[in-house]
file coords_13.txt (compact mmCIF, N, CA and C atoms)
# COMPACT_ATOMS: atom_id res chain seq x y z
N MET A 1 -18.95 -12.41 -24.03
CA MET A 1 -19.17 -12.82 -22.65
C MET A 1 -18.50 -11.80 -21.72
N THR A 2 -19.20 -11.39 -20.70
CA THR A 2 -18.63 -10.51 -19.70
C THR A 2 -18.45 -11.28 -18.41
N SER A 3 -17.69 -10.69 -17.50
CA SER A 3 -17.48 -11.36 -16.23
C SER A 3 -18.78 -11.41 -15.46
N GLU A 4 -18.83 -12.28 -14.49
CA GLU A 4 -20.03 -12.42 -13.67
C GLU A 4 -20.32 -11.14 -12.90
N ALA A 5 -19.32 -10.27 -12.73
CA ALA A 5 -19.53 -9.02 -12.00
C ALA A 5 -20.36 -8.04 -12.81
N GLY A 6 -20.43 -8.24 -14.12
CA GLY A 6 -21.20 -7.31 -14.92
C GLY A 6 -20.53 -7.04 -16.24
N SER A 7 -20.04 -5.83 -16.40
CA SER A 7 -19.56 -5.40 -17.70
C SER A 7 -18.05 -5.22 -17.73
N THR A 8 -17.54 -5.15 -18.94
CA THR A 8 -16.12 -4.84 -19.09
C THR A 8 -15.82 -3.46 -18.53
N GLU A 9 -16.78 -2.55 -18.61
CA GLU A 9 -16.61 -1.21 -18.04
C GLU A 9 -16.42 -1.29 -16.52
N ALA A 10 -17.22 -2.13 -15.87
CA ALA A 10 -17.09 -2.30 -14.42
C ALA A 10 -15.73 -2.93 -14.08
N ASP A 11 -15.29 -3.87 -14.90
CA ASP A 11 -13.99 -4.51 -14.66
C ASP A 11 -12.87 -3.49 -14.83
N ALA A 12 -12.95 -2.65 -15.86
CA ALA A 12 -11.94 -1.61 -16.09
C ALA A 12 -11.91 -0.63 -14.92
N THR A 13 -13.08 -0.25 -14.43
CA THR A 13 -13.16 0.66 -13.28
C THR A 13 -12.54 0.03 -12.04
N LEU A 14 -12.79 -1.27 -11.83
CA LEU A 14 -12.21 -1.98 -10.71
C LEU A 14 -10.68 -1.89 -10.73
N LEU A 15 -10.08 -2.08 -11.91
CA LEU A 15 -8.62 -2.03 -12.01
C LEU A 15 -8.10 -0.60 -11.88
N ARG A 16 -8.79 0.38 -12.45
CA ARG A 16 -8.37 1.78 -12.28
C ARG A 16 -8.40 2.16 -10.79
N GLU A 17 -9.46 1.78 -10.11
CA GLU A 17 -9.58 2.08 -8.68
C GLU A 17 -8.52 1.33 -7.88
N SER A 18 -8.14 0.15 -8.32
CA SER A 18 -7.08 -0.59 -7.63
C SER A 18 -5.74 0.13 -7.75
N VAL A 19 -5.45 0.68 -8.93
CA VAL A 19 -4.22 1.46 -9.10
C VAL A 19 -4.26 2.68 -8.19
N GLU A 20 -5.39 3.35 -8.12
CA GLU A 20 -5.53 4.50 -7.23
C GLU A 20 -5.31 4.09 -5.77
N ALA A 21 -5.84 2.94 -5.38
CA ALA A 21 -5.66 2.44 -4.01
C ALA A 21 -4.19 2.12 -3.76
N PHE A 22 -3.50 1.52 -4.73
CA PHE A 22 -2.07 1.24 -4.60
C PHE A 22 -1.32 2.55 -4.36
N ASN A 23 -1.60 3.54 -5.20
CA ASN A 23 -0.91 4.82 -5.08
C ASN A 23 -1.19 5.52 -3.76
N ALA A 24 -2.37 5.29 -3.19
CA ALA A 24 -2.74 5.88 -1.91
C ALA A 24 -2.28 5.04 -0.72
N GLY A 25 -1.71 3.85 -0.99
CA GLY A 25 -1.29 2.97 0.09
C GLY A 25 -2.46 2.35 0.84
N ASP A 26 -3.60 2.19 0.16
CA ASP A 26 -4.82 1.68 0.79
C ASP A 26 -4.87 0.15 0.67
N MET A 27 -4.12 -0.51 1.56
CA MET A 27 -4.04 -1.97 1.54
C MET A 27 -5.42 -2.61 1.73
N ALA A 28 -6.26 -2.05 2.57
CA ALA A 28 -7.58 -2.63 2.82
C ALA A 28 -8.39 -2.71 1.53
N LYS A 29 -8.36 -1.65 0.73
CA LYS A 29 -9.11 -1.65 -0.52
C LYS A 29 -8.51 -2.65 -1.51
N LEU A 30 -7.19 -2.72 -1.56
CA LEU A 30 -6.54 -3.67 -2.46
C LEU A 30 -6.89 -5.10 -2.10
N LEU A 31 -6.86 -5.42 -0.83
CA LEU A 31 -7.21 -6.78 -0.40
C LEU A 31 -8.68 -7.09 -0.64
N ALA A 32 -9.52 -6.07 -0.53
CA ALA A 32 -10.96 -6.27 -0.71
C ALA A 32 -11.32 -6.64 -2.14
N VAL A 33 -10.49 -6.25 -3.12
CA VAL A 33 -10.81 -6.56 -4.51
C VAL A 33 -10.07 -7.80 -5.02
N ALA A 34 -9.21 -8.39 -4.20
CA ALA A 34 -8.50 -9.61 -4.59
C ALA A 34 -9.28 -10.81 -4.09
N ALA A 35 -9.53 -11.76 -4.98
CA ALA A 35 -10.20 -13.00 -4.58
C ALA A 35 -9.33 -13.72 -3.54
N PRO A 36 -9.93 -14.40 -2.57
CA PRO A 36 -9.14 -15.11 -1.56
C PRO A 36 -8.15 -16.09 -2.15
N ASP A 37 -8.50 -16.70 -3.30
CA ASP A 37 -7.63 -17.69 -3.93
C ASP A 37 -7.01 -17.15 -5.22
N ILE A 38 -6.77 -15.84 -5.27
CA ILE A 38 -6.18 -15.20 -6.45
C ILE A 38 -4.96 -15.99 -6.92
N VAL A 39 -4.84 -16.14 -8.24
CA VAL A 39 -3.69 -16.83 -8.84
C VAL A 39 -2.79 -15.75 -9.45
N ILE A 40 -1.51 -15.79 -9.10
CA ILE A 40 -0.55 -14.76 -9.46
C ILE A 40 0.53 -15.37 -10.34
N HIS A 41 0.61 -14.89 -11.57
CA HIS A 41 1.61 -15.37 -12.53
C HIS A 41 2.64 -14.26 -12.73
N TYR A 42 3.91 -14.52 -12.37
CA TYR A 42 4.99 -13.58 -12.65
C TYR A 42 5.81 -14.18 -13.79
N ALA A 43 6.16 -13.34 -14.77
CA ALA A 43 6.89 -13.83 -15.94
C ALA A 43 8.18 -14.54 -15.56
N GLU A 44 8.84 -14.08 -14.49
CA GLU A 44 10.14 -14.66 -14.11
C GLU A 44 10.03 -15.89 -13.21
N MET A 45 8.83 -16.33 -12.91
CA MET A 45 8.66 -17.49 -12.03
C MET A 45 8.05 -18.66 -12.81
N PRO A 46 8.56 -19.87 -12.63
CA PRO A 46 8.06 -21.02 -13.40
C PRO A 46 6.66 -21.47 -13.01
N GLU A 47 6.28 -21.25 -11.77
CA GLU A 47 4.97 -21.69 -11.29
C GLU A 47 4.20 -20.51 -10.71
N PRO A 48 2.88 -20.49 -10.86
CA PRO A 48 2.11 -19.40 -10.28
C PRO A 48 2.06 -19.48 -8.76
N LEU A 49 1.83 -18.34 -8.14
CA LEU A 49 1.60 -18.26 -6.70
C LEU A 49 0.10 -18.15 -6.50
N GLN A 50 -0.33 -18.35 -5.25
CA GLN A 50 -1.77 -18.31 -5.02
C GLN A 50 -2.09 -17.74 -3.65
N GLY A 51 -3.19 -17.03 -3.60
CA GLY A 51 -3.74 -16.58 -2.33
C GLY A 51 -3.56 -15.10 -2.05
N ARG A 52 -4.55 -14.55 -1.40
CA ARG A 52 -4.57 -13.13 -1.04
C ARG A 52 -3.40 -12.79 -0.13
N GLU A 53 -3.04 -13.68 0.80
CA GLU A 53 -1.93 -13.41 1.73
C GLU A 53 -0.61 -13.34 0.97
N THR A 54 -0.42 -14.22 -0.02
CA THR A 54 0.78 -14.20 -0.84
C THR A 54 0.86 -12.91 -1.63
N TRP A 55 -0.29 -12.47 -2.18
CA TRP A 55 -0.35 -11.21 -2.91
C TRP A 55 0.03 -10.05 -1.99
N GLN A 56 -0.49 -10.06 -0.78
CA GLN A 56 -0.19 -9.00 0.18
C GLN A 56 1.30 -8.97 0.52
N GLN A 57 1.91 -10.13 0.68
CA GLN A 57 3.35 -10.18 0.98
C GLN A 57 4.17 -9.57 -0.15
N GLY A 58 3.77 -9.81 -1.41
CA GLY A 58 4.46 -9.22 -2.55
C GLY A 58 4.34 -7.71 -2.55
N TYR A 59 3.14 -7.22 -2.26
CA TYR A 59 2.90 -5.78 -2.17
C TYR A 59 3.80 -5.17 -1.09
N GLU A 60 3.82 -5.79 0.08
CA GLU A 60 4.61 -5.26 1.20
C GLU A 60 6.11 -5.27 0.90
N LEU A 61 6.59 -6.30 0.22
CA LEU A 61 8.00 -6.39 -0.16
C LEU A 61 8.38 -5.21 -1.07
N VAL A 62 7.54 -4.94 -2.06
CA VAL A 62 7.80 -3.84 -3.00
C VAL A 62 7.72 -2.49 -2.28
N LYS A 63 6.74 -2.32 -1.41
CA LYS A 63 6.58 -1.03 -0.73
C LYS A 63 7.68 -0.78 0.30
N ARG A 64 8.26 -1.84 0.88
CA ARG A 64 9.40 -1.64 1.78
C ARG A 64 10.61 -1.16 0.99
N ALA A 65 10.80 -1.69 -0.20
CA ALA A 65 11.94 -1.32 -1.03
C ALA A 65 11.74 0.04 -1.70
N PHE A 66 10.52 0.33 -2.10
CA PHE A 66 10.19 1.57 -2.81
C PHE A 66 8.94 2.19 -2.17
N PRO A 67 9.08 2.78 -0.98
CA PRO A 67 7.89 3.25 -0.25
C PRO A 67 7.07 4.31 -0.98
N ASP A 68 7.72 5.07 -1.87
CA ASP A 68 6.99 6.11 -2.61
C ASP A 68 6.59 5.65 -4.01
N LEU A 69 6.62 4.35 -4.28
CA LEU A 69 6.32 3.81 -5.60
C LEU A 69 4.91 4.23 -6.03
N LYS A 70 4.83 4.77 -7.23
CA LYS A 70 3.54 5.17 -7.82
C LYS A 70 3.40 4.50 -9.17
N ILE A 71 2.15 4.24 -9.52
CA ILE A 71 1.82 3.60 -10.79
C ILE A 71 1.05 4.59 -11.65
N ARG A 72 1.47 4.70 -12.90
CA ARG A 72 0.72 5.50 -13.88
C ARG A 72 0.16 4.53 -14.92
N VAL A 73 -1.12 4.64 -15.20
CA VAL A 73 -1.75 3.81 -16.23
C VAL A 73 -1.51 4.48 -17.58
N ASP A 74 -0.75 3.81 -18.45
CA ASP A 74 -0.48 4.32 -19.79
C ASP A 74 -1.51 3.84 -20.80
N ASP A 75 -1.97 2.61 -20.63
CA ASP A 75 -3.02 2.04 -21.49
C ASP A 75 -3.84 1.07 -20.66
N LEU A 76 -5.13 1.01 -20.97
CA LEU A 76 -6.03 0.04 -20.34
C LEU A 76 -7.00 -0.43 -21.40
N VAL A 77 -7.10 -1.75 -21.56
CA VAL A 77 -8.03 -2.35 -22.51
C VAL A 77 -8.78 -3.44 -21.78
N ALA A 78 -10.10 -3.44 -21.91
CA ALA A 78 -10.93 -4.46 -21.26
C ALA A 78 -11.77 -5.18 -22.31
N ALA A 79 -11.82 -6.50 -22.19
CA ALA A 79 -12.65 -7.33 -23.07
C ALA A 79 -13.02 -8.59 -22.32
N ASP A 80 -14.26 -9.00 -22.49
CA ASP A 80 -14.77 -10.17 -21.79
C ASP A 80 -14.50 -10.01 -20.29
N ASP A 81 -13.82 -10.98 -19.68
CA ASP A 81 -13.55 -10.90 -18.24
C ASP A 81 -12.10 -10.50 -17.96
N LYS A 82 -11.42 -9.93 -18.96
CA LYS A 82 -10.00 -9.57 -18.82
C LYS A 82 -9.79 -8.06 -18.93
N VAL A 83 -8.78 -7.58 -18.21
CA VAL A 83 -8.35 -6.19 -18.31
C VAL A 83 -6.84 -6.21 -18.50
N ALA A 84 -6.36 -5.52 -19.53
CA ALA A 84 -4.93 -5.43 -19.82
C ALA A 84 -4.47 -4.01 -19.51
N LEU A 85 -3.33 -3.91 -18.83
CA LEU A 85 -2.77 -2.61 -18.46
C LEU A 85 -1.32 -2.51 -18.90
N ARG A 86 -0.95 -1.34 -19.42
CA ARG A 86 0.46 -1.00 -19.62
C ARG A 86 0.72 0.12 -18.64
N LEU A 87 1.65 -0.13 -17.73
CA LEU A 87 1.88 0.76 -16.60
C LEU A 87 3.32 1.26 -16.58
N THR A 88 3.51 2.42 -15.98
CA THR A 88 4.85 2.90 -15.64
C THR A 88 4.89 3.03 -14.13
N LEU A 89 5.88 2.38 -13.52
CA LEU A 89 6.07 2.45 -12.07
C LEU A 89 7.32 3.28 -11.79
N SER A 90 7.21 4.21 -10.84
CA SER A 90 8.31 5.10 -10.50
C SER A 90 8.40 5.26 -9.00
N GLY A 91 9.61 5.33 -8.50
CA GLY A 91 9.80 5.52 -7.06
C GLY A 91 11.27 5.63 -6.72
N THR A 92 11.54 5.60 -5.41
CA THR A 92 12.90 5.73 -4.90
C THR A 92 13.27 4.46 -4.15
N HIS A 93 14.44 3.92 -4.45
CA HIS A 93 14.91 2.69 -3.83
C HIS A 93 15.43 3.00 -2.42
N GLN A 94 14.57 2.78 -1.43
CA GLN A 94 14.90 3.16 -0.05
C GLN A 94 15.03 1.96 0.90
N GLY A 95 14.86 0.75 0.38
CA GLY A 95 14.99 -0.45 1.20
C GLY A 95 15.52 -1.59 0.36
N GLU A 96 15.94 -2.67 1.02
CA GLU A 96 16.48 -3.83 0.33
C GLU A 96 15.46 -4.38 -0.68
N PHE A 97 15.96 -4.73 -1.88
CA PHE A 97 15.11 -5.33 -2.90
C PHE A 97 15.90 -6.42 -3.62
N GLN A 98 15.42 -7.66 -3.53
CA GLN A 98 16.05 -8.79 -4.20
C GLN A 98 17.55 -8.86 -3.89
N GLY A 99 17.90 -8.62 -2.63
CA GLY A 99 19.30 -8.70 -2.20
C GLY A 99 20.12 -7.45 -2.44
N ILE A 100 19.51 -6.44 -3.04
CA ILE A 100 20.22 -5.18 -3.31
C ILE A 100 19.86 -4.18 -2.21
N PRO A 101 20.86 -3.73 -1.42
CA PRO A 101 20.57 -2.74 -0.38
C PRO A 101 20.10 -1.42 -0.99
N ALA A 102 19.42 -0.62 -0.21
CA ALA A 102 18.90 0.67 -0.67
C ALA A 102 20.01 1.49 -1.33
N THR A 103 19.69 2.07 -2.48
CA THR A 103 20.66 2.90 -3.20
C THR A 103 20.28 4.37 -3.18
N GLY A 104 19.02 4.68 -2.84
CA GLY A 104 18.54 6.05 -2.89
C GLY A 104 18.24 6.52 -4.31
N ARG A 105 18.41 5.64 -5.29
CA ARG A 105 18.18 6.01 -6.69
C ARG A 105 16.69 6.05 -7.02
N THR A 106 16.35 6.97 -7.90
CA THR A 106 15.00 7.03 -8.45
C THR A 106 14.94 6.05 -9.61
N ILE A 107 13.89 5.27 -9.64
CA ILE A 107 13.73 4.26 -10.69
C ILE A 107 12.41 4.49 -11.43
N SER A 108 12.35 3.98 -12.64
CA SER A 108 11.13 4.01 -13.43
C SER A 108 11.21 2.85 -14.41
N TYR A 109 10.16 2.05 -14.46
CA TYR A 109 10.13 0.91 -15.37
C TYR A 109 8.70 0.62 -15.80
N VAL A 110 8.56 -0.16 -16.85
CA VAL A 110 7.27 -0.47 -17.44
C VAL A 110 6.84 -1.88 -17.02
N SER A 111 5.54 -2.05 -16.86
CA SER A 111 4.97 -3.37 -16.58
C SER A 111 3.75 -3.57 -17.46
N HIS A 112 3.63 -4.77 -18.01
CA HIS A 112 2.44 -5.16 -18.78
C HIS A 112 1.72 -6.19 -17.93
N GLU A 113 0.48 -5.91 -17.62
CA GLU A 113 -0.27 -6.74 -16.67
C GLU A 113 -1.65 -7.07 -17.22
N PHE A 114 -2.06 -8.30 -16.98
CA PHE A 114 -3.37 -8.77 -17.40
C PHE A 114 -4.09 -9.31 -16.18
N TYR A 115 -5.37 -9.02 -16.10
CA TYR A 115 -6.18 -9.43 -14.96
C TYR A 115 -7.44 -10.11 -15.45
N ARG A 116 -7.85 -11.17 -14.74
CA ARG A 116 -9.15 -11.80 -14.96
C ARG A 116 -10.03 -11.46 -13.77
N VAL A 117 -11.21 -10.95 -14.06
CA VAL A 117 -12.13 -10.55 -13.02
C VAL A 117 -13.29 -11.54 -12.98
N ALA A 118 -13.64 -12.00 -11.79
CA ALA A 118 -14.77 -12.91 -11.60
C ALA A 118 -15.51 -12.49 -10.33
N ASP A 119 -16.81 -12.41 -10.41
CA ASP A 119 -17.64 -12.03 -9.27
C ASP A 119 -17.19 -10.71 -8.65
N GLY A 120 -16.73 -9.78 -9.49
CA GLY A 120 -16.34 -8.46 -9.00
C GLY A 120 -15.00 -8.42 -8.28
N LEU A 121 -14.24 -9.51 -8.37
CA LEU A 121 -12.92 -9.58 -7.71
C LEU A 121 -11.85 -9.96 -8.73
N VAL A 122 -10.62 -9.54 -8.46
CA VAL A 122 -9.50 -9.95 -9.28
C VAL A 122 -9.19 -11.41 -8.93
N ALA A 123 -9.43 -12.30 -9.89
CA ALA A 123 -9.27 -13.74 -9.66
C ALA A 123 -7.89 -14.24 -10.10
N GLU A 124 -7.31 -13.53 -11.07
CA GLU A 124 -6.04 -13.99 -11.62
C GLU A 124 -5.31 -12.80 -12.21
N GLU A 125 -3.97 -12.82 -12.08
CA GLU A 125 -3.16 -11.76 -12.69
C GLU A 125 -1.92 -12.36 -13.32
N TRP A 126 -1.50 -11.73 -14.41
CA TRP A 126 -0.28 -12.08 -15.12
C TRP A 126 0.57 -10.81 -15.16
N ILE A 127 1.77 -10.86 -14.58
CA ILE A 127 2.63 -9.68 -14.48
C ILE A 127 3.90 -9.92 -15.30
N CYS A 128 4.16 -9.01 -16.22
CA CYS A 128 5.37 -9.07 -17.04
C CYS A 128 6.03 -7.69 -16.96
N SER A 129 6.86 -7.50 -15.94
CA SER A 129 7.53 -6.22 -15.70
C SER A 129 8.91 -6.24 -16.33
N ASP A 130 9.39 -5.08 -16.72
CA ASP A 130 10.72 -4.93 -17.29
C ASP A 130 11.75 -4.93 -16.15
N MET A 131 11.98 -6.12 -15.60
CA MET A 131 12.89 -6.26 -14.47
C MET A 131 14.33 -5.97 -14.87
N ALA A 132 14.71 -6.24 -16.12
CA ALA A 132 16.08 -5.94 -16.57
C ALA A 132 16.34 -4.45 -16.46
N SER A 133 15.37 -3.64 -16.86
CA SER A 133 15.52 -2.19 -16.74
C SER A 133 15.59 -1.77 -15.28
N LEU A 134 14.74 -2.34 -14.44
CA LEU A 134 14.75 -2.00 -13.03
C LEU A 134 16.11 -2.32 -12.41
N PHE A 135 16.60 -3.54 -12.63
CA PHE A 135 17.87 -3.94 -12.02
C PHE A 135 19.05 -3.12 -12.55
N SER A 136 18.99 -2.72 -13.82
CA SER A 136 20.09 -1.89 -14.35
C SER A 136 20.11 -0.53 -13.68
N GLN A 137 18.95 -0.04 -13.27
CA GLN A 137 18.89 1.25 -12.57
C GLN A 137 19.38 1.14 -11.13
N LEU A 138 19.35 -0.07 -10.59
CA LEU A 138 19.79 -0.28 -9.21
C LEU A 138 21.27 -0.63 -9.11
N SER A 139 21.91 -0.95 -10.24
CA SER A 139 23.32 -1.37 -10.18
C SER A 139 24.28 -0.26 -10.61
call {"tool": "encode", "arguments": {"input": "coords_13.txt", "output": "structure tokens"}}
result
Amino acid sequence: MTSEAGSTEADATLLRESVEAFNAGDMAKLLAVAAPDIVIHYAEMPEPLQGRETWQQGYELVKRAFPDLKIRVDDLVAADDKVALRLTLSGTHQGEFQGIPATGRTISYVSHEFYRVADGLVAEEWICSDMASLFSQLS
């Protein structure tokens, strides 16, 4: 079974282009590919978050803390309506993040992310980032 948008190839392309849009700071493109009622699962949170506006707030929080944050796709696997990514995120801590004031340190950490695509939009995401590594680099 493939997503209603078409093929697993189209879903993989959607996520690759989303990473490129993130790296370019193209918020309009990122919001355009997120379903209005996107469901956001973070490994460290007991309940999922929901909605495009909530997703945008998370993006803005990260970009304020790490304005030069870039994502490198290390692996991408697509099957059915899901796309799995293994990513490396790197940037400079230039703003407050989770109560930690800017340190000026360069950080790099890994994130494993899964996405469900429906009707050509990202309908759901599961984020499991190596936050322990990130926080150790900030302390």
call {"tool": "closest_residue", "arguments": {"input": "coords_13.txt", "among": "A:Leu89, A:Ser7, A:Val83, A:Ser136", "to": "Phe114 of chain A", "atoms": "all atoms listed in the file"}}
result
A:Val83
call {"tool": "closest_residue", "arguments": {"input": "coords_13.txt", "among": "A:Arg52, A:Met45, A:Gly95, A:Ala78", "to": "Glu9 of chain A", "atoms": "only N, CA and C atoms"}}
result
A:Ala78
call {"tool": "closest_residue", "arguments": {"input": "coords_13.txt", "among": "A:Asp37, A:Ile127, A:Gly25, A:Leu138", "to": "Arg105 of chain A", "atoms": "only N, CA and C atoms"}}
result
A:Leu138
call {"tool": "closest_residue", "arguments": {"input": "coords_13.txt", "among": "A:Ile71, A:Gln137, A:Ala132, A:Asp81", "to": "Ile107 of chain A", "atoms": "only N, CA and C atoms"}}
result
A:Gln137
call {"tool": "atom_distance", "arguments": {"input": "coords_13.txt", "atom1": "atom N of Thr92 of chain A", "atom2": "atom C of Pro67 of chain A"}}
result
6.4 Å
call {"tool": "atom_distance", "arguments": {"input": "coords_13.txt", "atom1": "atom N of Tyr42 of chain A", "atom2": "atom N of Glu125 of chain A"}}
result
8.1 Å
call {"tool": "select_by_dssp", "arguments": {"input": "coords_13.txt", "residues": "segment 1-123 of chain A", "states": "helix (DSSP H, G or I)", "output": "MDAnalysis selection string"}}
result
chainID A and resid 8:24 27:33 52:65
call {"tool": "closest_residue", "arguments": {"input": "coords_13.txt", "among": "A:Ala118, A:Pro46, A:Gln98, A:Met131", "to": "Gly58 of chain A", "atoms": "only C-alpha atoms"}}
result
A:Gln98
call {"tool": "closest_residue", "arguments": {"input": "coords_13.txt", "among": "A:His41, A:Lys63, A:Lys82, A:Lys70", "to": "Tyr109 of chain A", "atoms": "only C-alpha atoms"}}
result
A:Lys70
call {"tool": "decode", "arguments": {"input": "coords_13.txt", "residues": "segment 6-27 of chain A", "atoms": "N, CA, C and O atoms", "output": "tab-separated table (two decimals), in the first residue's frame"}}
result
chain	number	residue	atom	x	y	z
A	6	GLY	N	0.60	9.03	-3.68
A	6	GLY	CA	1.20	8.35	-4.81
A	6	GLY	C	2.14	7.27	-4.36
A	6	GLY	O	1.73	6.27	-3.81
A	7	SER	N	3.42	7.49	-4.58
A	7	SER	CA	4.39	6.43	-4.37
A	7	SER	C	5.30	6.71	-3.19
A	7	SER	O	5.41	7.83	-2.71
A	8	THR	N	5.98	5.65	-2.78
A	8	THR	CA	6.98	5.82	-1.73
A	8	THR	C	8.09	6.74	-2.23
A	8	THR	O	8.66	7.49	-1.44
A	9	GLU	N	8.37	6.71	-3.52
A	9	GLU	CA	9.38	7.60	-4.09
A	9	GLU	C	8.97	9.07	-3.93
A	9	GLU	O	9.78	9.92	-3.55
A	10	ALA	N	7.69	9.36	-4.17
A	10	ALA	CA	7.19	10.73	-4.00
A	10	ALA	C	7.26	11.14	-2.52
A	10	ALA	O	7.63	12.29	-2.21
A	11	ASP	N	6.96	10.20	-1.63
A	11	ASP	CA	7.03	10.51	-0.20
A	11	ASP	C	8.47	10.78	0.22
A	11	ASP	O	8.74	11.72	0.98
A	12	ALA	N	9.42	9.98	-0.28
A	12	ALA	CA	10.84	10.19	0.03
A	12	ALA	C	11.30	11.54	-0.49
A	12	ALA	O	12.01	12.29	0.21
A	13	THR	N	10.88	11.90	-1.69
A	13	THR	CA	11.24	13.20	-2.27
A	13	THR	C	10.68	14.34	-1.43
A	13	THR	O	11.36	15.33	-1.18
A	14	LEU	N	9.44	14.18	-0.96
A	14	LEU	CA	8.82	15.19	-0.11
A	14	LEU	C	9.67	15.46	1.13
A	14	LEU	O	9.92	16.61	1.50
A	15	LEU	N	10.16	14.39	1.77
A	15	LEU	CA	10.97	14.56	2.98
A	15	LEU	C	12.35	15.11	2.66
A	15	LEU	O	12.86	15.96	3.40
A	16	ARG	N	12.97	14.67	1.57
A	16	ARG	CA	14.27	15.24	1.17
A	16	ARG	C	14.14	16.75	0.91
A	16	ARG	O	14.97	17.54	1.34
A	17	GLU	N	13.09	17.13	0.20
A	17	GLU	CA	12.86	18.55	-0.09
A	17	GLU	C	12.55	19.32	1.19
A	17	GLU	O	12.90	20.50	1.30
A	18	SER	N	11.91	18.69	2.15
A	18	SER	CA	11.63	19.35	3.43
A	18	SER	C	12.93	19.63	4.19
A	18	SER	O	13.08	20.70	4.79
A	19	VAL	N	13.86	18.69	4.16
A	19	VAL	CA	15.17	18.92	4.79
A	19	VAL	C	15.87	20.07	4.09
A	19	VAL	O	16.44	20.95	4.76
A	20	GLU	N	15.83	20.10	2.77
A	20	GLU	CA	16.44	21.21	2.03
A	20	GLU	C	15.79	22.54	2.40
A	20	GLU	O	16.47	23.55	2.57
A	21	ALA	N	14.47	22.55	2.55
A	21	ALA	CA	13.76	23.77	2.95
A	21	ALA	C	14.16	24.19	4.36
A	21	ALA	O	14.35	25.39	4.62
A	22	PHE	N	14.30	23.24	5.28
A	22	PHE	CA	14.75	23.55	6.64
A	22	PHE	C	16.13	24.21	6.57
A	22	PHE	O	16.36	25.25	7.18
A	23	ASN	N	17.04	23.60	5.82
A	23	ASN	CA	18.39	24.13	5.72
A	23	ASN	C	18.43	25.52	5.09
A	23	ASN	O	19.29	26.33	5.42
A	24	ALA	N	17.48	25.79	4.20
A	24	ALA	CA	17.41	27.10	3.54
A	24	ALA	C	16.61	28.12	4.36
A	24	ALA	O	16.52	29.28	3.98
A	25	GLY	N	16.00	27.68	5.47
A	25	GLY	CA	15.18	28.57	6.28
A	25	GLY	C	13.87	28.94	5.61
A	25	GLY	O	13.29	29.98	5.87
A	26	ASP	N	13.37	28.06	4.74
A	26	ASP	CA	12.15	28.32	3.97
A	26	ASP	C	10.92	27.84	4.74
A	26	ASP	O	10.38	26.76	4.49
A	27	MET	N	10.50	28.66	5.70
A	27	MET	CA	9.36	28.31	6.54
A	27	MET	C	8.09	28.10	5.71
A	27	MET	O	7.30	27.20	6.00
